[in-house]
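Source file: work_30.pdb (PDB, C-alpha atoms)
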ATOM      1  CA  MET A   1      84.704 107.527  86.215
ATOM      2  CA  ARG A   2      85.881 103.937  86.349
ATOM      3  CA  SER A   3      89.279 104.808  84.871
ATOM      4  CA  LYS A   4      89.638 107.627  87.407
ATOM      5  CA  LEU A   5      88.888 105.187  90.221
ATOM      6  CA  GLU A   6      91.353 102.700  88.757
ATOM      7  CA  SER A   7      94.110 105.277  88.462
ATOM      8  CA  GLU A   8      93.489 106.381  92.036
ATOM      9  CA  GLU A   9      93.607 102.748  93.080
ATOM     10  CA  GLY A  10      96.840 102.319  91.139
ATOM     11  CA  ARG A  11      98.407 105.181  93.080
ATOM     12  CA  LEU A  12      97.257 103.668  96.362
ATOM     13  CA  VAL A  13      98.661 100.274  95.421
ATOM     14  CA  THR A  14     102.017 101.766  94.394
ATOM     15  CA  ALA A  15     102.211 103.714  97.638
ATOM     16  CA  ALA A  16     101.235 100.661  99.683
ATOM     17  CA  GLN A  17     103.898  98.593  97.945
ATOM     18  CA  ALA A  18     106.416 101.272  98.942
ATOM     19  CA  GLY A  19     105.340 100.685 102.550
ATOM     20  CA  SER A  20     102.637 103.320 103.025
ATOM     21  CA  ARG A  21     100.267 102.147 105.736
ATOM     22  CA  PRO A  22      97.611 104.816 105.088
ATOM     23  CA  ALA A  23      97.519 103.788 101.428
ATOM     24  CA  TYR A  24      96.863 100.155 102.300
ATOM     25  CA  THR A  25      94.303 101.211 104.900
ATOM     26  CA  ALA A  26      92.512 103.144 102.160
ATOM     27  CA  LEU A  27      92.511 100.032  99.963
ATOM     28  CA  VAL A  28      91.105  98.017 102.854
ATOM     29  CA  ALA A  29      88.355 100.576 103.362
ATOM     30  CA  ARG A  30      87.534 100.366  99.672
ATOM     31  CA  TYR A  31      87.267  96.570  99.521
ATOM     32  CA  GLN A  32      86.221  95.451 102.991
ATOM     33  CA  ARG A  33      82.499  95.420 102.260
ATOM     34  CA  PRO A  34      82.488  93.864  98.776
ATOM     35  CA  LEU A  35      85.068  91.296  99.825
ATOM     36  CA  PHE A  36      83.007  90.438 102.886
ATOM     37  CA  ARG A  37      79.940  89.849 100.731
ATOM     38  CA  PHE A  38      81.956  87.578  98.450
ATOM     39  CA  LEU A  39      83.270  85.606 101.436
ATOM     40  CA  ARG A  40      79.821  85.512 103.010
ATOM     41  CA  MET A  41      78.537  83.911  99.851
ATOM     42  CA  ARG A  42      81.335  81.322  99.999
ATOM     43  CA  SER A  43      81.304  80.464 103.675
ATOM     44  CA  VAL A  44      78.487  79.316 105.888
ATOM     45  CA  SER A  45      78.305  81.857 108.677
ATOM     46  CA  HIS A  46      78.664  85.566 109.303
ATOM     47  CA  ASP A  47      81.432  85.055 111.879
ATOM     48  CA  ASP A  48      83.418  82.836 109.537
ATOM     49  CA  ALA A  49      83.241  85.433 106.790
ATOM     50  CA  GLU A  50      84.492  88.130 109.175
ATOM     51  CA  GLU A  51      87.435  85.978 110.199
ATOM     52  CA  LEU A  52      88.293  85.198 106.581
ATOM     53  CA  LEU A  53      88.039  88.879 105.685
ATOM     54  CA  GLN A  54      90.678  89.749 108.266
ATOM     55  CA  GLU A  55      92.953  86.947 107.149
ATOM     56  CA  SER A  56      92.628  88.053 103.528
ATOM     57  CA  PHE A  57      93.683  91.633 104.209
ATOM     58  CA  LEU A  58      96.518  90.580 106.495
ATOM     59  CA  ARG A  59      97.798  88.153 103.850
ATOM     60  CA  GLY A  60      97.403  90.890 101.254
ATOM     61  CA  TRP A  61      99.699  93.179 103.198
ATOM     62  CA  THR A  62     102.401  90.543 103.647
ATOM     63  CA  LYS A  63     102.221  89.505  99.965
ATOM     64  CA  LEU A  64     101.874  92.979  98.519
ATOM     65  CA  GLN A  65     105.414  93.022  97.128
ATOM     66  CA  SER A  66     104.566  90.090  94.855
ATOM     67  CA  PHE A  67     101.618  91.926  93.248
ATOM     68  CA  ASP A  68     102.111  92.994  89.628
ATOM     69  CA  PRO A  69     100.856  96.620  89.358
ATOM     70  CA  ASP A  70      99.902  96.019  85.719
ATOM     71  CA  LYS A  71      97.200  93.583  86.805
ATOM     72  CA  SER A  72      93.913  94.201  88.618
ATOM     73  CA  PHE A  73      94.367  94.683  92.352
ATOM     74  CA  SER A  74      90.828  93.605  93.196
ATOM     75  CA  THR A  75      91.177  90.362  91.197
ATOM     76  CA  TRP A  76      94.448  89.679  93.024
ATOM     77  CA  LEU A  77      92.858  90.391  96.410
ATOM     78  CA  TYR A  78      89.810  88.252  95.662
ATOM     79  CA  THR A  79      92.090  85.406  94.544
ATOM     80  CA  ILE A  80      93.862  85.544  97.894
ATOM     81  CA  ALA A  81      90.523  85.539  99.710
ATOM     82  CA  ALA A  82      89.221  82.600  97.664
ATOM     83  CA  ARG A  83      92.346  80.548  98.385
ATOM     84  CA  ILE A  84      92.195  81.340 102.087
ATOM     85  CA  ALA A  85      88.539  80.300 102.145
ATOM     86  CA  VAL A  86      89.339  76.989 100.438
ATOM     87  CA  SER A  87      92.250  76.086 102.723
ATOM     88  CA  TRP A  88      90.373  77.287 105.791
ATOM     89  CA  GLY A  89      87.397  75.111 104.886
ATOM     90  CA  ARG A  90      89.631  72.063 104.461
ATOM     91  CA  ARG A  91      91.440  72.731 107.737
ATOM     92  CA  ARG A  92      88.313  73.086 109.798
ATOM     93  CA  SER A  93      86.302  70.514 107.814
ATOM     94  CA  LEU A  94      83.458  72.949 107.652
ATOM     95  CA  PRO A  95      80.397  72.168 105.580
ATOM     96  CA  LEU A  96      81.597  74.128 102.573
ATOM     97  CA  ALA A  97      79.584  71.659 100.614
ATOM     98  CA  SER A  98      80.436  70.810  97.051
ATOM     99  CA  ASP A  99      77.832  71.536  94.436
ATOM    100  CA  GLY A 100      76.631  67.949  94.324
ATOM    101  CA  GLU A 101      76.466  67.631  98.092
ATOM    102  CA  MET A 102      74.472  70.815  98.417
ATOM    103  CA  GLU A 103      71.989  69.719  95.794
ATOM    104  CA  SER A 104      71.353  66.433  97.526
ATOM    105  CA  LEU A 105      70.910  68.171 100.881
ATOM    106  CA  THR A 106      68.442  70.714  99.615
ATOM    107  CA  ASP A 107      66.533  68.327  97.425
ATOM    108  CA  GLU A 108      65.987  65.425  99.752
ATOM    109  CA  SER A 109      66.684  66.344 103.332
ATOM    110  CA  HIS A 110      64.491  69.369 103.986
ATOM    111  CA  PRO A 111      62.307  70.166 100.980
ATOM    112  CA  ALA A 112      59.427  71.226 103.193
ATOM    113  CA  SER A 113      61.486  73.665 105.227
ATOM    114  CA  LEU A 114      62.978  75.136 102.075
ATOM    115  CA  ALA A 115      59.531  75.639 100.630
ATOM    116  CA  GLU A 116      58.492  77.388 103.815
ATOM    117  CA  GLN A 117      61.485  79.672 103.648
ATOM    118  CA  GLU A 118      60.882  80.541 100.065
ATOM    119  CA  GLU A 119      58.653  83.609 100.085
ATOM    120  CA  GLU A 120      57.843  86.004  97.337
ATOM    121  CA  ASP A 121      59.690  88.903  98.924
ATOM    122  CA  ARG A 122      62.692  86.850  99.990
ATOM    123  CA  ASN A 123      66.036  87.978  98.631
ATOM    124  CA  LEU A 124      67.165  85.619  95.906
ATOM    125  CA  TRP A 125      70.717  85.488  97.295
ATOM    126  CA  ASP A 126      69.469  83.928 100.504
ATOM    127  CA  LEU A 127      68.049  81.153  98.361
ATOM    128  CA  VAL A 128      71.311  80.935  96.420
ATOM    129  CA  SER A 129      73.280  80.521  99.635
ATOM    130  CA  THR A 130      71.131  77.586 100.741
ATOM    131  CA  LEU A 131      70.472  75.961  97.394
ATOM    132  CA  LEU A 132      73.788  75.994  95.533
ATOM    133  CA  GLY A 133      77.239  74.644  96.287
ATOM    134  CA  GLU A 134      80.270  76.728  97.108
ATOM    135  CA  SER A 135      81.700  77.098  93.601
ATOM    136  CA  GLN A 136      78.386  77.933  91.969
ATOM    137  CA  ARG A 137      77.540  80.435  94.693
ATOM    138  CA  SER A 138      80.897  82.158  94.305
ATOM    139  CA  ALA A 139      80.734  82.291  90.525
ATOM    140  CA  LEU A 140      77.148  83.521  90.556
ATOM    141  CA  TRP A 141      77.950  86.281  93.049
ATOM    142  CA  LEU A 142      81.004  87.466  91.146
ATOM    143  CA  ALA A 143      79.006  87.516  87.903
ATOM    144  CA  TYR A 144      75.759  89.138  89.037
ATOM    145  CA  GLY A 145      76.617  90.621  92.410
ATOM    146  CA  GLU A 146      79.780  92.308  91.199
ATOM    147  CA  GLY A 147      79.409  92.251  87.429
ATOM    148  CA  ARG A 148      82.731  90.556  86.794
ATOM    149  CA  SER A 149      83.548  88.839  83.520
ATOM    150  CA  ALA A 150      83.928  85.084  83.163
ATOM    151  CA  GLN A 151      87.653  85.649  82.622
ATOM    152  CA  GLU A 152      88.026  87.478  85.945
ATOM    153  CA  ILE A 153      85.936  84.865  87.751
ATOM    154  CA  ALA A 154      88.108  82.123  86.283
ATOM    155  CA  LEU A 155      91.232  83.868  87.619
ATOM    156  CA  ILE A 156      89.759  84.339  91.082
ATOM    157  CA  LEU A 157      88.403  80.815  91.445
ATOM    158  CA  GLY A 158      91.369  79.152  89.741
ATOM    159  CA  LYS A 159      89.233  77.563  87.044
ATOM    160  CA  ARG A 160      89.070  77.702  83.267
ATOM    161  CA  GLU A 161      86.845  80.293  81.659
ATOM    162  CA  VAL A 162      84.786  77.628  79.904
ATOM    163  CA  ALA A 163      84.238  75.861  83.210
ATOM    164  CA  VAL A 164      83.020  79.121  84.748
ATOM    165  CA  ARG A 165      80.521  79.682  81.933
ATOM    166  CA  VAL A 166      79.197  76.146  82.353
ATOM    167  CA  MET A 167      79.027  76.607  86.116
ATOM    168  CA  LEU A 168      77.044  79.825  85.759
ATOM    169  CA  CYS A 169      74.640  78.241  83.308
ATOM    170  CA  ARG A 170      74.039  75.245  85.581
ATOM    171  CA  ALA A 171      73.571  77.490  88.604
ATOM    172  CA  ARG A 172      70.929  79.564  86.828
ATOM    173  CA  ARG A 173      69.167  76.442  85.595
ATOM    174  CA  ARG A 174      69.097  74.992  89.068
ATOM    175  CA  LEU A 175      67.739  78.212  90.522
ATOM    176  CA  ALA A 176      65.129  78.476  87.805
ATOM    177  CA  ALA A 177      64.034  74.876  88.277
ATOM    178  CA  HIS A 178      63.715  75.376  92.011
ATOM    179  CA  MET A 179      61.699  78.557  91.617
ATOM    180  CA  GLN A 180      59.430  76.890  89.090
ATOM    181  CA  HIS A 181      58.906  74.000  91.491
ATOM    182  CA  LEU A 182      57.996  76.408  94.283
ATOM    183  CA  GLN A 183      55.526  78.215  92.029
ATOM    184  CA  GLU A 184      53.875  74.915  91.167
ATOM    185  CA  VAL A 185      53.661  73.942  94.832
ATOM    186  CA  GLY A 186      52.264  77.385  95.671
ATOM    187  CA  SER A 187      49.614  77.238  93.005
TER     188      SER A 187
ATOM    189  CA  MET B   1      61.188  70.264  67.841
ATOM    190  CA  ASN B   2      57.592  69.826  68.986
ATOM    191  CA  ARG B   3      55.414  72.560  70.416
ATOM    192  CA  ASN B   4      56.015  71.663  74.062
ATOM    193  CA  GLN B   5      59.784  71.742  73.608
ATOM    194  CA  HIS B   6      59.619  75.046  71.780
ATOM    195  CA  GLU B   7      57.435  76.588  74.480
ATOM    196  CA  GLY B   8      59.760  75.177  77.118
ATOM    197  CA  THR B   9      62.817  76.753  75.462
ATOM    198  CA  ALA B  10      61.083  80.125  75.129
ATOM    199  CA  TRP B  11      59.994  79.953  78.744
ATOM    200  CA  ASP B  12      63.534  79.032  79.829
ATOM    201  CA  ARG B  13      64.980  82.026  78.014
ATOM    202  CA  GLU B  14      62.451  84.366  79.537
ATOM    203  CA  LEU B  15      62.957  82.916  82.999
ATOM    204  CA  ASP B  16      66.708  83.034  82.593
ATOM    205  CA  SER B  17      66.566  86.679  81.640
ATOM    206  CA  GLN B  18      64.269  87.474  84.585
ATOM    207  CA  LEU B  19      66.520  85.500  86.858
ATOM    208  CA  GLU B  20      69.633  87.414  85.807
ATOM    209  CA  GLN B  21      67.842  90.706  86.308
ATOM    210  CA  ARG B  22      66.585  89.690  89.737
ATOM    211  CA  LEU B  23      70.017  88.441  90.769
ATOM    212  CA  ARG B  24      71.508  91.845  89.920
ATOM    213  CA  LEU B  25      68.768  93.765  91.700
ATOM    214  CA  ASP B  26      68.721  91.578  94.803
ATOM    215  CA  ALA B  27      72.520  91.786  95.078
ATOM    216  CA  VAL B  28      72.159  95.494  95.849
ATOM    217  CA  ASP B  29      69.722  94.785  98.685
ATOM    218  CA  TRP B  30      71.368  91.652 100.011
ATOM    219  CA  SER B  31      72.099  92.449 103.618
ATOM    220  CA  ALA B  32      75.515  91.029 104.290
ATOM    221  CA  GLU B  33      77.728  93.516 106.070
ATOM    222  CA  PRO B  34      80.670  92.971 108.377
ATOM    223  CA  SER B  35      80.080  94.146 111.932
ATOM    224  CA  THR B  36      81.656  97.353 113.221
ATOM    225  CA  GLU B  37      83.564  95.328 115.830
ATOM    226  CA  SER B  38      85.010  93.134 113.120
ATOM    227  CA  LEU B  39      86.163  96.123 111.068
ATOM    228  CA  SER B  40      87.767  97.822 114.053
ATOM    229  CA  LYS B  41      89.485  94.550 114.971
ATOM    230  CA  LEU B  42      90.774  94.351 111.407
ATOM    231  CA  GLN B  43      92.199  97.879 111.691
ATOM    232  CA  THR B  44      93.912  96.954 114.958
ATOM    233  CA  ARG B  45      95.428  93.793 113.531
ATOM    234  CA  LEU B  46      96.569  95.648 110.442
ATOM    235  CA  ALA B  47      98.174  98.353 112.571
ATOM    236  CA  ASP B  48      99.988  95.669 114.594
ATOM    237  CA  ILE B  49     101.301  93.887 111.552
ATOM    238  CA  GLN B  50     102.224  97.117 109.777
ATOM    239  CA  GLN B  51     104.176  98.406 112.766
ATOM    240  CA  ALA B  52     106.081  95.152 113.079
ATOM    241  CA  PRO B  53     109.145  94.831 110.844
ATOM    242  CA  ARG B  54     108.577  92.935 107.647
ATOM    243  CA  ARG B  55     109.155  89.256 108.194
ATOM    244  CA  LEU B  56     112.062  87.636 106.434
ATOM    245  CA  PRO B  57     111.268  84.692 104.195
ATOM    246  CA  LEU B  58     111.054  81.405 106.076
ATOM    247  CA  GLY B  59     113.687  79.748 103.864
ATOM    248  CA  LEU B  60     116.203  82.477 104.583
ATOM    249  CA  LEU B  61     115.547  82.218 108.320
ATOM    250  CA  THR B  62     115.967  78.443 108.229
ATOM    251  CA  ALA B  63     119.226  78.677 106.279
ATOM    252  CA  ALA B  64     120.582  81.275 108.710
ATOM    253  CA  ALA B  65     119.596  79.141 111.698
ATOM    254  CA  LEU B  66     121.283  76.067 110.209
ATOM    255  CA  MET B  67     124.430  78.059 109.459
ATOM    256  CA  ILE B  68     124.606  79.405 113.022
ATOM    257  CA  PHE B  69     124.046  75.907 114.408
ATOM    258  CA  GLY B  70     126.806  74.447 112.204
ATOM    259  CA  LEU B  71     129.271  77.183 113.144
ATOM    260  CA  SER B  72     128.498  76.690 116.832
ATOM    261  CA  ILE B  73     129.160  72.954 116.618
ATOM    262  CA  TRP B  74     132.403  73.572 114.699
ATOM    263  CA  ALA B  75     133.562  76.200 117.209
ATOM    264  CA  LEU B  76     132.920  73.832 120.110
ATOM    265  CA  ALA B  77     134.417  70.749 118.495
ATOM    266  CA  ALA B  78     137.694  72.223 117.103
ATOM    267  CA  PRO B  79     139.455  73.056 120.427
ATOM    268  CA  LEU B  80     138.259  69.791 121.929
ATOM    269  CA  GLU B  81     140.086  67.769 119.242
ATOM    270  CA  LYS B  82     143.372  69.602 119.908
ATOM    271  CA  THR B  83     143.043  69.114 123.684
ATOM    272  CA  ASP B  84     142.381  65.415 123.208
ATOM    273  CA  GLU B  85     145.524  64.931 121.135
ATOM    274  CA  ALA B  86     147.696  66.886 123.551
ATOM    275  CA  ALA B  87     146.346  65.222 126.668
ATOM    276  CA  LEU B  88     146.072  61.645 125.502
ATOM    277  CA  GLY B  89     149.243  61.411 123.360
ATOM    278  CA  PRO B  90     149.416  58.782 120.589
ATOM    279  CA  SER B  91     146.139  57.343 119.664
ATOM    280  CA  LEU B  92     145.104  53.809 120.469
ATOM    281  CA  ALA B  93     145.728  52.660 116.916
ATOM    282  CA  GLU B  94     149.264  53.989 116.921
ATOM    283  CA  GLY B  95     149.930  52.192 120.230
ATOM    284  CA  VAL B  96     148.622  48.910 118.902
ATOM    285  CA  VAL B  97     150.739  49.168 115.743
ATOM    286  CA  SER B  98     153.972  49.894 117.624
ATOM    287  CA  SER B  99     153.282  47.016 120.047
ATOM    288  CA  LEU B 100     152.735  44.636 117.153
ATOM    289  CA  GLN B 101     155.952  45.862 115.504
ATOM    290  CA  ARG B 102     157.925  45.120 118.679
ATOM    291  CA  GLU B 103     156.466  41.619 118.886
ATOM    292  CA  LEU B 104     157.272  41.015 115.233
ATOM    293  CA  ASP B 105     160.877  42.183 115.741
ATOM    294  CA  ALA B 106     161.316  39.832 118.712
ATOM    295  CA  VAL B 107     159.927  36.841 116.805
ATOM    296  CA  THR B 108     162.189  37.621 113.839
ATOM    297  CA  ALA B 109     165.262  37.765 116.098
ATOM    298  CA  ASP B 110     164.364  34.419 117.693
ATOM    299  CA  ALA B 111     163.882  32.817 114.299
ATOM    300  CA  ASN B 112     167.279  34.068 113.097
ATOM    301  CA  ALA B 113     169.008  32.666 116.209
ATOM    302  CA  VAL B 114     167.407  29.216 115.728
ATOM    303  CA  ALA B 115     168.399  29.188 112.077
ATOM    304  CA  ASP B 116     172.007  30.056 112.933
ATOM    305  CA  ARG B 117     172.214  27.232 115.451
ATOM    306  CA  LEU B 118     170.810  24.699 113.002
ATOM    307  CA  MET B 119     173.085  25.680 110.147
ATOM    308  CA  LYS B 120     176.335  25.939 112.164
ATOM    309  CA  PRO B 121     177.327  22.157 112.122
ATOM    310  CA  PHE B 122     176.928  21.974 108.365
ATOM    311  CA  SER B 123     178.706  25.127 107.426
ATOM    312  CA  GLY B 124     182.281  23.697 108.073
ATOM    313  CA  ARG B 125     181.691  20.570 106.012
ATOM    314  CA  MET B 126     180.218  22.523 103.187
ATOM    315  CA  PHE B 127     183.290  24.734 102.999
ATOM    316  CA  GLY B 128     185.536  21.544 103.149
ATOM    317  CA  LEU B 129     183.690  19.860 100.335
ATOM    318  CA  LEU B 130     183.838  22.908  98.207
ATOM    319  CA  ALA B 131     187.557  23.357  98.907
ATOM    320  CA  GLY B 132     188.649  19.648  98.663
ATOM    321  CA  GLY B 133     186.431  18.495  95.959
ATOM    322  CA  ASP B 134     185.978  14.952  97.479
TER     323      ASP B 134
END

When written as structure tokens, how does the structure in this file appear?
Amino acid sequence: MRSKLESEEGRLVTAAQAGSRPAYTALVARYQRPLFRFLRMRSVSHDDAEELLQESFLRGWTKLQSFDPDKSFSTWLYTIAARIAVSWGRRRSLPLASDGEMESLTDESHPASLAEQEEEDRNLWDLVSTLLGESQRSALWLAYGEGRSAQEIALILGKREVAVRVMLCRARRRLAAHMQHLQEVGS
Amino acid sequence: MNRNQHEGTAWDRELDSQLEQRLRLDAVDWSAEPSTESLSKLQTRLADIQQAPRRLPLGLLTAAALMIFGLSIWALAAPLEKTDEAALGPSLAEGVVSSLQRELDAVTADANAVADRLMKPFSGRMFGLLAGGD
């Protein structure tokens, strides 16, 4: 099933590279929702993620000739989106907090409000988006939200595979520690 | 490894496993969707950019612009140089050199005349001495 999808995607990519607008539109339709979720996990607001999604697809169209058809199209597209998100965050000086900054904010500034927000039925990704920094959030989403390998995540985020594995491990530990703390407070 | 550490490690593993499972499950339910307006705006922008001709690389455009600018300057400057030469005649430097040459010629002529006048009284006696030997 996956190989069939990939071969269909390969045909779409080849057609889009030859200038077919419907083919690229089909690729957009295929990736607009997953790419939005990835960007939403990276950026701070819904509106920002929508803007970045549009920029990513527009950049994808203009750069399509440089894509190597032997490689994964989705990894290539996600790499473009990740780079746009990074440069956009720098340009607008948005609070795309680093991992360390985010930890200090969540630990010391508003522990009470975080504890209030943390409910049993709350989606864990909402906690991830408030608790972890940008890189850890992105890596965690790509790993567990999309089931990508550490190698793919490393390509998308422009990091080494070892660094991604360490990042994932630290992110899980931080989440686990926070959840344990909340359980202790609750009991 | 004491008992507390061992229990802690086992608990960590179990929690880690539960955490991974919950992350996967919650990812399916995580409500993060782009709005319909945003998606339709994306389609519009894509249609605009796809209908527009592909943009040339910026470097190529810059090189072409510089080349056109250079050719324009050359085309404007070349006839102007010819007109200047025709209308103004010899250049200032040539005029200065010819004026200096004339002055130098005049001074040389004056110097020759003075030398002739000074040498004239002695020239007869010199010839006499040479001829008579006294």

Starting from chain B, keep only residues with some atom at most 10 Å from an atom of chain A, counting only C-alpha atoms, and report them as a ChimeraX atom specification. /B:12,15-35,37-39,41-43,45-47,49-51,54-55

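Taking CA of Trp76 in chain A as the reference point, CA of Leu132 in chain A is found at 24.9 Å.
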
Of the candidates A:Lys63, A:Arg92, A:Lys159, A:Arg42, which one gets nearest to Gly133 in chain A if we count all atoms listed in the file?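 Smallest distance to Gly133 in chain A is found for A:Arg42.
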
What separation in Å, quoted to one decimal, exists between CA of Arg174 in chain A and CA of Ser129 in chain A? 12.6 Å

Resolved residues for the PyMOL selection byres ((chain A and resi 73) around 10) as a list in words: Glu6, Glu9, Gly10, Val13, Leu27, Leu64, Phe67, Asp68, Pro69, Asp70, Lys71, Ser72, Ser74, Thr75, Trp76, Leu77, Tyr78 and Thr79 of chain A
